[in-house]
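Asker: What follows is entry02.txt, compact mmCIF, C-alpha atoms.
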# COMPACT_ATOMS: atom_id res chain seq x y z
CA MET A 182 73.02 54.84 27.40
CA LYS A 183 75.72 55.00 24.78
CA LYS A 184 78.68 57.32 25.22
CA ILE A 185 79.66 58.54 21.75
CA VAL A 186 82.81 60.55 22.34
CA ILE A 187 84.79 62.32 24.99
CA CYS A 188 87.11 64.99 23.60
CA CYS A 189 88.97 65.45 26.84
CA LEU A 190 88.07 64.15 30.30
CA ALA A 191 89.27 66.54 32.98
CA MET A 192 90.88 64.45 35.70
CA SER A 193 92.30 67.34 37.72
CA LEU A 194 91.51 71.02 37.49
CA PHE A 195 94.08 73.37 38.94
CA PRO A 196 93.59 77.03 39.90
CA PHE A 197 96.54 78.02 37.74
CA VAL A 198 99.36 76.53 35.73
CA GLN A 199 102.90 77.82 35.61
CA ILE A 200 104.48 77.68 32.16
CA VAL A 201 108.25 78.02 32.22
CA ALA A 202 109.81 79.30 29.01
CA GLU A 203 113.55 79.28 28.65
CA GLY A 204 115.12 82.61 27.75
CA ASP A 205 117.75 83.09 25.08
CA GLY A 206 121.17 81.62 25.72
CA ASP A 207 122.86 84.99 26.21
CA LEU A 208 120.73 86.03 29.19
CA GLY A 209 120.41 82.59 30.73
CA THR A 210 117.06 83.51 32.27
CA SER A 211 113.65 81.94 32.33
CA VAL A 212 110.23 83.52 32.34
CA VAL A 213 107.32 82.14 34.33
CA ASP A 214 103.82 82.95 33.07
CA VAL A 215 100.91 82.26 35.37
CA VAL A 216 97.80 81.19 33.48
CA PRO A 217 94.84 82.52 35.49
CA ARG A 218 91.64 80.55 35.90
CA VAL A 219 89.53 83.76 35.76
CA TYR A 220 89.91 87.54 35.48
CA GLN A 221 88.50 90.56 37.28
CA GLN A 222 87.69 92.41 34.03
CA GLU A 223 85.00 91.75 31.46
CA ASN A 224 87.49 92.05 28.59
CA THR A 225 91.16 92.31 29.42
CA GLY A 226 91.96 92.76 25.74
CA SER A 227 89.77 95.82 25.18
CA HIS A 228 92.83 98.03 24.68
CA PHE A 229 93.89 96.20 21.51
CA ALA A 230 93.05 97.76 18.17
CA THR A 231 90.24 96.15 16.19
CA PRO A 232 91.64 94.18 13.24
CA ILE A 233 90.71 95.12 9.68
CA MET A 234 87.34 93.66 8.70
CA PRO A 235 87.18 93.09 4.91
CA GLN A 236 83.91 93.00 3.05
CA ALA A 237 82.49 89.47 2.94
CA ALA A 238 83.10 89.18 -0.81
CA ASP A 239 86.79 90.00 -0.28
CA LEU A 240 87.40 87.32 2.34
CA PRO A 241 89.39 84.26 1.26
CA VAL A 242 87.82 80.83 0.93
CA ILE A 243 88.86 78.61 3.87
CA ARG A 244 87.62 75.04 3.47
CA ASP A 245 89.10 73.63 6.65
CA LEU A 246 88.53 75.04 10.11
CA PRO A 247 90.62 78.21 10.58
CA ASP A 248 93.57 77.93 12.93
CA ALA A 249 92.39 79.51 16.19
CA LEU A 250 95.97 80.41 17.10
CA ALA A 251 96.86 82.09 13.77
CA TRP A 252 97.01 85.90 13.68
CA ALA A 253 94.31 87.53 11.56
CA ASP A 254 96.88 89.24 9.34
CA GLY A 255 98.58 85.94 8.43
CA SER A 256 101.83 86.86 10.18
CA GLY A 257 102.15 83.64 12.16
CA ARG A 258 100.72 81.89 15.18
CA VAL A 259 100.41 82.56 18.89
CA GLU A 260 103.16 80.68 20.68
CA ASN A 261 103.15 82.20 24.18
CA PHE A 262 100.26 82.70 26.58
CA PRO A 263 100.77 86.49 26.98
CA ASP A 264 99.99 86.86 23.26
CA TRP A 265 96.72 84.95 23.53
CA GLU A 266 94.81 87.99 24.82
CA ARG A 267 95.48 89.88 21.58
CA ARG A 268 94.51 86.89 19.44
CA ARG A 269 91.43 86.36 21.59
CA ASN A 270 90.44 89.96 20.97
CA GLU A 271 90.80 89.45 17.20
CA ILE A 272 88.43 86.48 17.28
CA ALA A 273 85.93 88.31 19.48
CA ALA A 274 85.92 91.27 17.09
CA GLN A 275 85.30 89.01 14.08
CA ILE A 276 82.40 87.19 15.74
CA GLN A 277 80.75 90.46 16.67
CA HIS A 278 81.34 92.07 13.27
CA TYR A 279 80.23 89.18 11.07
CA GLY A 280 78.00 87.10 13.35
CA ILE A 281 76.11 88.61 16.28
CA GLY A 282 76.63 92.37 16.43
CA ARG A 283 78.56 94.52 18.87
CA LYS A 284 78.43 93.95 22.59
CA PRO A 285 78.87 97.52 23.91
CA SER A 286 81.04 98.32 26.91
CA VAL A 287 79.54 99.96 29.98
CA SER A 288 81.31 102.25 32.44
CA PRO A 289 80.97 101.67 36.20
CA GLU A 290 79.15 105.00 36.53
CA GLN A 291 76.34 103.69 34.33
CA VAL A 292 75.55 100.81 36.69
CA LYS A 293 73.77 101.06 40.05
CA ALA A 294 73.13 97.89 42.05
CA ARG A 295 71.27 97.06 45.23
CA MET A 296 69.91 94.05 47.12
CA ASP A 297 66.25 93.68 48.02
CA GLY A 298 66.34 90.74 50.38
CA ASP A 299 67.94 87.98 48.32
CA THR A 300 67.15 89.68 45.00
CA LEU A 301 69.88 91.47 43.08
CA ILE A 302 68.62 94.58 41.24
CA VAL A 303 70.83 96.28 38.67
CA ASP A 304 69.92 99.54 36.89
CA VAL A 305 71.90 100.31 33.74
CA THR A 306 71.54 103.84 32.37
CA VAL A 307 72.74 104.77 28.87
CA GLY A 308 71.73 107.89 26.94
CA GLY A 309 69.13 108.83 29.53
CA GLN A 310 67.41 105.43 29.26
CA THR A 311 67.46 102.90 32.11
CA LEU A 312 67.16 99.13 31.87
CA THR A 313 66.54 97.18 35.10
CA LEU A 314 67.64 93.60 35.74
CA ARG A 315 66.34 91.53 38.65
CA SER A 316 67.43 88.10 39.78
CA THR A 317 66.95 86.25 43.07
CA ILE A 318 69.95 84.48 44.55
CA HIS A 319 69.20 81.08 46.05
CA TYR A 320 71.83 80.36 48.68
CA PRO A 321 73.08 76.85 49.53
CA GLN A 322 72.39 75.02 52.77
CA THR A 323 76.03 74.03 53.14
CA GLY A 324 79.28 75.95 53.46
CA GLN A 325 79.91 79.56 54.41
CA PRO A 326 79.76 82.78 52.38
CA PRO A 327 81.07 84.09 50.15
CA TYR A 328 79.74 81.33 47.89
CA ALA A 329 80.49 80.28 44.37
CA LEU A 330 77.60 81.14 42.02
CA MET A 331 76.09 79.31 39.06
CA ILE A 332 73.95 81.49 36.78
CA GLY A 333 71.39 79.73 34.63
CA THR A 334 70.72 81.34 31.27
CA SER A 335 66.92 81.48 31.08
CA MET A 336 66.95 78.59 33.56
CA LEU A 337 69.40 76.13 35.08
CA SER A 338 68.66 72.74 33.56
CA LEU A 339 71.44 70.86 35.36
CA PRO A 340 69.93 68.50 37.97
CA ARG A 341 69.51 70.10 41.40
CA PRO A 342 70.97 67.06 43.23
CA LEU A 343 74.36 68.08 41.80
CA PHE A 344 74.14 71.25 43.88
CA GLU A 345 72.55 69.98 47.10
CA ASN A 346 75.80 69.17 48.89
CA ARG A 347 77.94 71.84 47.28
CA PRO A 348 78.37 75.44 48.53
CA ILE A 349 77.17 76.92 45.24
CA ALA A 350 74.49 79.62 45.09
CA ILE A 351 72.13 79.65 42.08
CA MET A 352 70.50 82.49 40.21
CA THR A 353 68.73 82.89 36.87
CA PHE A 354 69.49 85.40 34.14
CA HIS A 355 66.06 86.38 32.86
CA GLU A 356 67.11 87.26 29.33
CA ALA A 357 63.70 88.68 28.39
CA GLN A 358 64.53 91.69 30.58
CA VAL A 359 67.08 92.59 27.89
CA ASN A 360 65.68 91.06 24.69
CA ASP A 361 62.37 89.21 24.93
CA TYR A 362 62.65 87.26 21.68
CA SER A 363 61.22 83.76 22.03
CA GLN A 364 60.38 81.00 19.59
CA TRP A 365 57.34 80.05 21.68
CA ARG A 366 55.67 83.20 23.05
CA PRO A 367 54.76 86.70 21.84
CA HIS A 368 57.77 88.99 21.62
CA HIS A 369 59.05 92.27 20.31
CA GLU A 370 60.87 92.46 17.00
CA ARG A 371 64.45 93.48 16.26
CA GLY A 372 64.94 97.10 17.28
CA GLU A 373 62.03 97.08 19.76
CA HIS A 374 63.62 95.34 22.74
CA ALA A 375 64.59 96.93 26.07
CA PHE A 376 68.24 96.84 24.99
CA ASP A 377 67.35 98.90 21.91
CA ARG A 378 66.11 101.80 24.02
CA LEU A 379 69.67 102.16 25.31
CA TYR A 380 71.42 101.41 22.02
CA PRO A 381 69.16 102.32 19.08
CA GLU A 382 72.20 102.32 16.79
CA LEU A 383 72.57 98.56 17.48
CA LYS A 384 69.04 97.60 16.44
CA ASP A 385 70.40 95.10 13.90
CA ASN A 386 72.18 93.11 16.63
CA GLY A 387 71.39 89.47 17.12
CA ALA A 388 69.93 88.44 20.46
CA TYR A 389 73.09 86.64 21.56
CA SER A 390 75.19 89.81 21.72
CA GLU A 391 72.43 91.56 23.69
CA TRP A 392 71.88 88.66 26.06
CA ALA A 393 75.63 88.41 26.70
CA TRP A 394 75.63 92.15 27.44
CA GLY A 395 72.81 91.70 29.96
CA LEU A 396 74.43 88.88 31.90
CA SER A 397 77.59 90.96 32.16
CA ARG A 398 75.58 93.69 33.83
CA LEU A 399 74.49 91.25 36.55
CA ILE A 400 78.16 90.53 37.17
CA ASP A 401 78.81 94.29 37.28
CA GLY A 402 76.20 94.53 40.04
CA LEU A 403 77.73 91.68 42.02
CA GLN A 404 81.16 93.29 41.73
CA GLN A 405 79.85 96.70 42.73
CA LEU A 406 78.10 95.47 45.89
CA GLY A 407 80.79 93.02 46.95
CA ALA A 408 80.62 89.82 48.96
CA SER A 409 79.59 91.62 52.16
CA GLN A 410 76.23 92.51 50.59
CA THR A 411 75.68 89.64 48.16
CA GLY A 412 77.39 86.69 49.85
CA ILE A 413 78.94 85.86 46.45
CA ASP A 414 82.60 85.39 45.55
CA VAL A 415 82.83 87.04 42.12
CA SER A 416 85.99 85.06 41.32
CA ARG A 417 83.89 81.86 41.32
CA ILE A 418 81.06 82.54 38.89
CA GLY A 419 79.80 79.90 36.48
CA VAL A 420 77.15 80.00 33.77
CA SER A 421 75.10 77.17 32.28
CA GLY A 422 72.11 76.67 29.98
CA CYS A 423 70.66 74.16 27.54
CA SER A 424 69.57 74.22 23.89
CA TYR A 425 69.11 77.83 22.69
CA ALA A 426 70.15 78.84 26.21
CA GLY A 427 73.21 76.61 25.78
CA LYS A 428 74.19 78.85 22.89
CA MET A 429 73.49 81.84 25.13
CA THR A 430 75.75 80.33 27.78
CA LEU A 431 78.59 79.99 25.28
CA TYR A 432 78.34 83.62 24.17
CA CYS A 433 78.09 84.84 27.76
CA GLY A 434 81.16 82.83 28.77
CA ALA A 435 83.09 83.79 25.66
CA PHE A 436 82.49 87.52 26.04
CA ASP A 437 83.01 87.97 29.79
CA GLU A 438 86.33 86.91 31.29
CA ARG A 439 84.94 87.19 34.82
CA ILE A 440 83.12 83.87 34.28
CA ALA A 441 85.30 81.08 35.64
CA LEU A 442 83.24 78.15 34.35
CA THR A 443 81.00 77.71 31.31
CA ILE A 444 78.84 74.58 30.95
CA ALA A 445 77.04 74.58 27.59
CA GLN A 446 74.46 71.78 27.55
CA GLU A 447 73.27 70.57 24.12
CA PRO A 448 73.90 73.97 22.46
CA GLY A 449 73.39 72.73 18.90
CA GLY A 450 74.08 74.67 15.70
CA GLY A 451 75.09 78.25 16.30
CA GLY A 452 76.60 77.12 19.58
CA ALA A 453 79.68 74.90 19.67
CA ALA A 454 79.03 73.15 16.34
CA ALA A 455 81.26 74.46 13.56
CA TRP A 456 79.29 76.06 10.71
CA ARG A 457 81.65 74.62 8.08
CA ILE A 458 81.17 71.09 9.33
CA SER A 459 77.38 71.28 9.70
CA TYR A 460 76.81 72.94 6.29
CA PRO A 461 76.74 69.76 4.17
CA MET A 462 74.82 67.73 6.79
CA ASP A 463 71.14 66.91 6.39
CA ASP A 464 68.49 67.73 8.98
CA VAL A 465 70.75 69.69 11.32
CA GLU A 466 70.84 73.30 12.42
CA ASN A 467 73.39 75.04 10.23
CA LEU A 468 74.07 78.58 9.06
CA ASP A 469 71.28 78.37 6.50
CA LYS A 470 68.79 76.80 8.90
CA THR A 471 68.96 78.70 12.17
CA ASP A 472 66.87 81.38 13.84
CA TYR A 473 68.10 84.74 12.60
CA HIS A 474 66.60 86.68 15.48
CA TRP A 475 69.67 85.32 17.26
CA PHE A 476 72.22 86.55 14.70
CA LEU A 477 72.86 89.42 12.33
CA GLU A 478 70.70 89.09 9.22
CA SER A 479 73.82 90.04 7.28
CA MET A 480 75.47 86.78 8.31
CA ARG A 481 72.94 84.82 6.26
CA GLU A 482 73.27 87.27 3.37
CA ASN A 483 77.07 87.18 3.41
CA PHE A 484 77.83 83.59 4.34
CA GLY A 485 74.83 81.48 3.31
CA GLY A 486 75.39 78.41 1.13
CA ASP A 487 78.98 77.95 -0.03
CA GLY A 488 79.67 81.41 1.42
CA VAL A 489 80.17 79.69 4.76
CA TYR A 490 83.72 78.94 3.63
CA ARG A 491 84.44 82.68 3.52
CA LEU A 492 83.54 83.13 7.18
CA PRO A 493 86.85 84.18 8.78
CA TYR A 494 86.16 82.28 12.02
CA ASP A 495 84.20 79.24 13.11
CA HIS A 496 82.68 78.09 16.36
CA HIS A 497 85.69 76.21 17.66
CA GLU A 498 87.02 79.75 18.03
CA LEU A 499 83.90 80.88 19.89
CA CYS A 500 84.68 78.06 22.32
CA ALA A 501 88.36 79.02 22.42
CA LEU A 502 87.51 82.54 23.57
CA ILE A 503 86.80 80.97 26.96
CA CYS A 504 90.42 79.78 27.31
CA PRO A 505 92.17 79.88 29.81
CA ARG A 506 88.95 79.59 31.81
CA ALA A 507 87.06 76.31 32.12
CA LEU A 508 84.61 75.02 29.49
CA LEU A 509 82.48 71.87 29.47
CA LEU A 510 80.45 71.00 26.36
CA LEU A 511 77.65 68.45 26.75
CA GLY A 512 76.07 66.82 23.72
CA ASN A 513 73.15 64.50 22.92
CA PRO A 514 73.36 62.79 19.50
CA SER A 515 69.85 61.35 19.91
CA TYR A 516 68.67 64.70 18.52
CA LYS A 517 70.19 65.01 15.07
CA TRP A 518 69.19 68.69 14.78
CA LEU A 519 71.83 69.54 17.41
CA ALA A 520 74.61 68.74 14.91
CA ASP A 521 76.74 67.03 17.55
CA ASP A 522 79.05 65.53 14.91
CA ALA A 523 79.98 69.12 14.07
CA MET A 524 80.37 69.95 17.78
CA ARG A 525 82.73 67.00 18.18
CA VAL A 526 84.98 68.30 15.40
CA SER A 527 84.75 71.81 16.81
CA GLY A 528 85.60 70.59 20.30
CA GLU A 529 88.65 68.71 19.10
CA ALA A 530 89.89 71.86 17.35
CA ALA A 531 89.18 74.10 20.34
CA GLN A 532 90.94 71.73 22.72
CA LYS A 533 94.23 72.50 20.97
CA VAL A 534 94.15 76.04 22.37
CA TRP A 535 93.95 74.82 25.97
CA GLU A 536 96.67 72.26 25.17
CA GLN A 537 98.89 75.00 23.76
CA PHE A 538 99.04 76.63 27.20
CA GLY A 539 99.33 73.45 29.25
CA ILE A 540 95.80 73.57 30.66
CA ALA A 541 93.98 70.87 28.68
CA ASP A 542 92.25 69.73 31.87
CA ARG A 543 90.14 72.89 31.87
CA PHE A 544 88.27 71.77 28.75
CA ALA A 545 86.04 68.78 28.08
CA CYS A 546 83.49 67.73 25.47
CA ASP A 547 81.20 64.88 26.54
CA ILE A 548 78.60 63.54 24.09
CA VAL A 549 76.11 60.95 25.34
CA GLY A 550 72.89 59.80 23.67
CA ASP A 551 69.68 57.98 24.59
CA HIS A 552 68.16 60.53 26.91
CA PRO A 553 65.60 63.35 26.58
CA HIS A 554 66.73 66.79 25.43
CA CYS A 555 68.09 68.93 28.28
CA GLN A 556 67.77 66.12 30.82
CA LEU A 557 71.28 65.25 31.94
CA PRO A 558 71.76 61.46 32.20
CA GLU A 559 73.41 60.03 35.30
CA SER A 560 76.34 58.89 33.14
CA GLN A 561 77.29 62.57 32.73
CA TYR A 562 77.00 63.47 36.42
CA ALA A 563 80.67 62.68 37.13
CA ILE A 564 82.12 65.03 34.50
CA VAL A 565 79.78 67.85 35.54
CA GLU A 566 80.69 67.31 39.20
CA LYS A 567 84.40 67.61 38.40
CA PHE A 568 83.82 71.01 36.85
CA LEU A 569 81.51 72.16 39.66
CA ASP A 570 84.18 71.17 42.19
CA PHE A 571 86.67 73.24 40.21
CA LEU A 572 84.33 76.20 40.55
CA VAL A 573 84.13 75.70 44.31
CA ASN A 574 87.78 74.89 44.99
CA GLY A 575 89.52 76.91 42.29
CA ASN A 576 90.97 79.52 44.63
Here is a file; write its structure as structure tokens.

Answerer:
Amino acid sequence: MKKIVICCLAMSLFPFVQIVAEGDGDLGTSVVDVVPRVYQQENTGSHFATPIMPQAADLPVIRDLPDALAWADGSGRVENFPDWERRRNEIAAQIQHYGIGRKPSVSPEQVKARMDGDTLIVDVTVGGQTLTLRSTIHYPQTGQPPYALMIGTSMLSLPRPLFENRPIAIMTFHEAQVNDYSQWRPHHERGEHAFDRLYPELKDNGAYSEWAWGLSRLIDGLQQLGASQTGIDVSRIGVSGCSYAGKMTLYCGAFDERIALTIAQEPGGGGAAAWRISYPMDDVENLDKTDYHWFLESMRENFGGDGVYRLPYDHHELCALICPRALLLLGNPSYKWLADDAMRVSGEAAQKVWEQFGIADRFACDIVGDHPHCQLPESQYAIVEKFLDFLVNGN
């Protein structure tokens, strides 16, 4: 097997990093900022105002990848970690507005959770309509509760031997319970999904915003019930998926700060690969050649062709939304359609955000070829194990 590139190999993953910033000379003080590895809220930046969203035709042409740390209004760059939350919220707002549609917030009163044996059941009620999510938790044979948890989007394609001797529970997010779009089986159309009964005004949403919303509701249920009922430590939740579900994993991790670890396996175009970089490539998934059930139709209308250079964000910034939490990107260049050359460029750009805050070891991009799609080769076991151990031992 040939290893193509490693953006950053995580050699040690710490639960937090202390950044010491010297104060001005007059006060002679220093400020210590603790960079958390995870949060207790879905979106800690929800209180920030939404930035102005110009019409697509009024957006400037940006040929190179946008600077993930630059403020949307052009007033400078993020220098200190406390300011990252506001910048993160700007990026999240742009991705929802121009790319996938709004992920609506849900109040605790709208969520009711219960356990039926080892199965978590979550009822979400909005506007008199109720959507029910069910997922069975498979507990490990080692360690003691509360356990870390890895959620597979659609399924968990990482090899089970990686989990056999680790105290990590496993569950599956059955995304069809929210939006049943599939490339391979009969499905409802946009506006007809279970999600749309609760939010008819969001019928134009792409599936990735709705799927991210659904996984967040499972986490709501785990939080509501607590470790005494679920056996799960909600500060140690990871998410992973492959291919289209690798994209889903990225959006779920990007839009819920309660997820401590995101492992996106072979996510392809529309995942970690930057749209600007993949646009001129042949035979790869790019903005013009993707499945628009997953995205807003308006994204193709507004940013197709050379219009991609007017997109105010790119997918290195989708990855960066996960900072300061942990992200592992896994690629497979044997499948050209995945646009892994574009993911490599995107990963190198995203890595700069983790570096900015002194936590570069929480990010890695590992691209290895000569193996079947979604079948992790043994040469990638070590990097995955490092991140799984971070999930277990991060407290």

Asker: Which residue gives the smallest distance to Lys428 (chain A) among A:Leu406, A:Ile281, A:Leu557, A:Ile564, with only C-alpha atoms counted?

Answerer: A:Ile281

Asker: Can you tell me which residues surround Tyr460 (chain A) at a distance of at most 9 Å, considering all atoms listed in the file, apart from same-chain residues fewer than 4 positions away, and format the answer as a VMD selection string?

Answerer: chain A and resid 455 to 456 465 to 469 486 to 487 489

Asker: Nearest to Phe354 (chain A) among A:Gly226, A:Ser409, A:Phe484, A:Met429, with distances taken over all atoms listed in the file: which residue is it?

Answerer: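 Among the listed residues, A:Met429 lies closest to Phe354 (chain A).
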
Asker: Counting all atoms listed in the file, which residue out of A:His374, A:Lys470, A:Arg398, A:Arg543 sits closest to Lys284 (chain A)?

Answerer: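 Using all atoms listed in the file, the shortest distance to Lys284 (chain A) belongs to A:Arg398.
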
Asker: Can you pull out the residues contacting His368 (chain A)? Cut-off 12 Å, using all atoms listed in the file, and skip same-chain residues under 5 positions away; I want them as a ChimeraX atom specification.

Answerer: /A:357-363,373-375,474

Asker: Suppose we keep C-alpha atoms; can you now write the selection as a compact mmCIF listing (two decimals), keeping the file's coordinate frame?

Answerer:
# COMPACT_ATOMS: atom_id res chain seq x y z
CA ALA A 357 63.70 88.68 28.39
CA GLN A 358 64.53 91.69 30.58
CA VAL A 359 67.08 92.59 27.89
CA ASN A 360 65.68 91.06 24.69
CA ASP A 361 62.37 89.21 24.93
CA TYR A 362 62.65 87.26 21.68
CA SER A 363 61.22 83.76 22.03
CA GLU A 373 62.03 97.08 19.76
CA HIS A 374 63.62 95.34 22.74
CA ALA A 375 64.59 96.93 26.07
CA HIS A 474 66.60 86.68 15.48

Asker: Excluding region 550-556 of chain A and residues on its chain fewer than 5 positions from it, collect all residues at most 12 Å away from it, counting all atoms listed in the file, and give them as a compact mmCIF listing (two decimals) with C-alpha atoms, in the frame of the given file.

Answerer:
# COMPACT_ATOMS: atom_id res chain seq x y z
CA MET A 182 73.02 54.84 27.40
CA LYS A 183 75.72 55.00 24.78
CA LYS A 184 78.68 57.32 25.22
CA ILE A 185 79.66 58.54 21.75
CA VAL A 186 82.81 60.55 22.34
CA MET A 336 66.95 78.59 33.56
CA LEU A 337 69.40 76.13 35.08
CA SER A 338 68.66 72.74 33.56
CA LEU A 339 71.44 70.86 35.36
CA PRO A 340 69.93 68.50 37.97
CA ARG A 341 69.51 70.10 41.40
CA SER A 421 75.10 77.17 32.28
CA GLY A 422 72.11 76.67 29.98
CA CYS A 423 70.66 74.16 27.54
CA SER A 424 69.57 74.22 23.89
CA TYR A 425 69.11 77.83 22.69
CA ALA A 426 70.15 78.84 26.21
CA GLY A 427 73.21 76.61 25.78
CA ALA A 445 77.04 74.58 27.59
CA GLN A 446 74.46 71.78 27.55
CA GLU A 447 73.27 70.57 24.12
CA PRO A 448 73.90 73.97 22.46
CA GLY A 449 73.39 72.73 18.90
CA LEU A 511 77.65 68.45 26.75
CA GLY A 512 76.07 66.82 23.72
CA ASN A 513 73.15 64.50 22.92
CA PRO A 514 73.36 62.79 19.50
CA SER A 515 69.85 61.35 19.91
CA TYR A 516 68.67 64.70 18.52
CA LYS A 517 70.19 65.01 15.07
CA TRP A 518 69.19 68.69 14.78
CA LEU A 519 71.83 69.54 17.41
CA ASP A 521 76.74 67.03 17.55
CA GLN A 561 77.29 62.57 32.73
CA TYR A 562 77.00 63.47 36.42

Asker: Measure the distance from CA of Asp414 (chain A) to CA of Arg315 (chain A) in Å and round it to one decimal.

Answerer: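 Separation of CA of Asp414 (chain A) and CA of Arg315 (chain A): 18.7 Å.
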
Asker: Neighbours of Arg506 (chain A) within 10 Å (all atoms listed in the file; same-chain residues fewer than 3 positions away dropped), as a PyMOL selection string?

Answerer: chain A and resi 196-197+216-220+434-435+438-443+501-503+535+540+543-544

Asker: What's around Gly298 (chain A) at 10 Å? Count only C-alpha atoms, leave out sequence neighbours fewer than 2 positions away in its own chain, and write the answer as a ChimeraX atom specification.

Answerer: /A:295-296,300-301,317-318,411

Asker: Please measure the separation of CA of Ser397 (chain A) and CA of Leu510 (chain A), giving the value in Å to one decimal.

Answerer: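 Spanning CA of Ser397 (chain A) to CA of Leu510 (chain A) is a straight-line distance of 21.0 Å.
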
Asker: Report, in Å to a single decimal, how far apart CA of Ser560 (chain A) and CA of Ile548 (chain A) are.

Answerer: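 If I compute the distance from CA of Ile548 (chain A) to CA of Ser560 (chain A), I get 10.4 Å.
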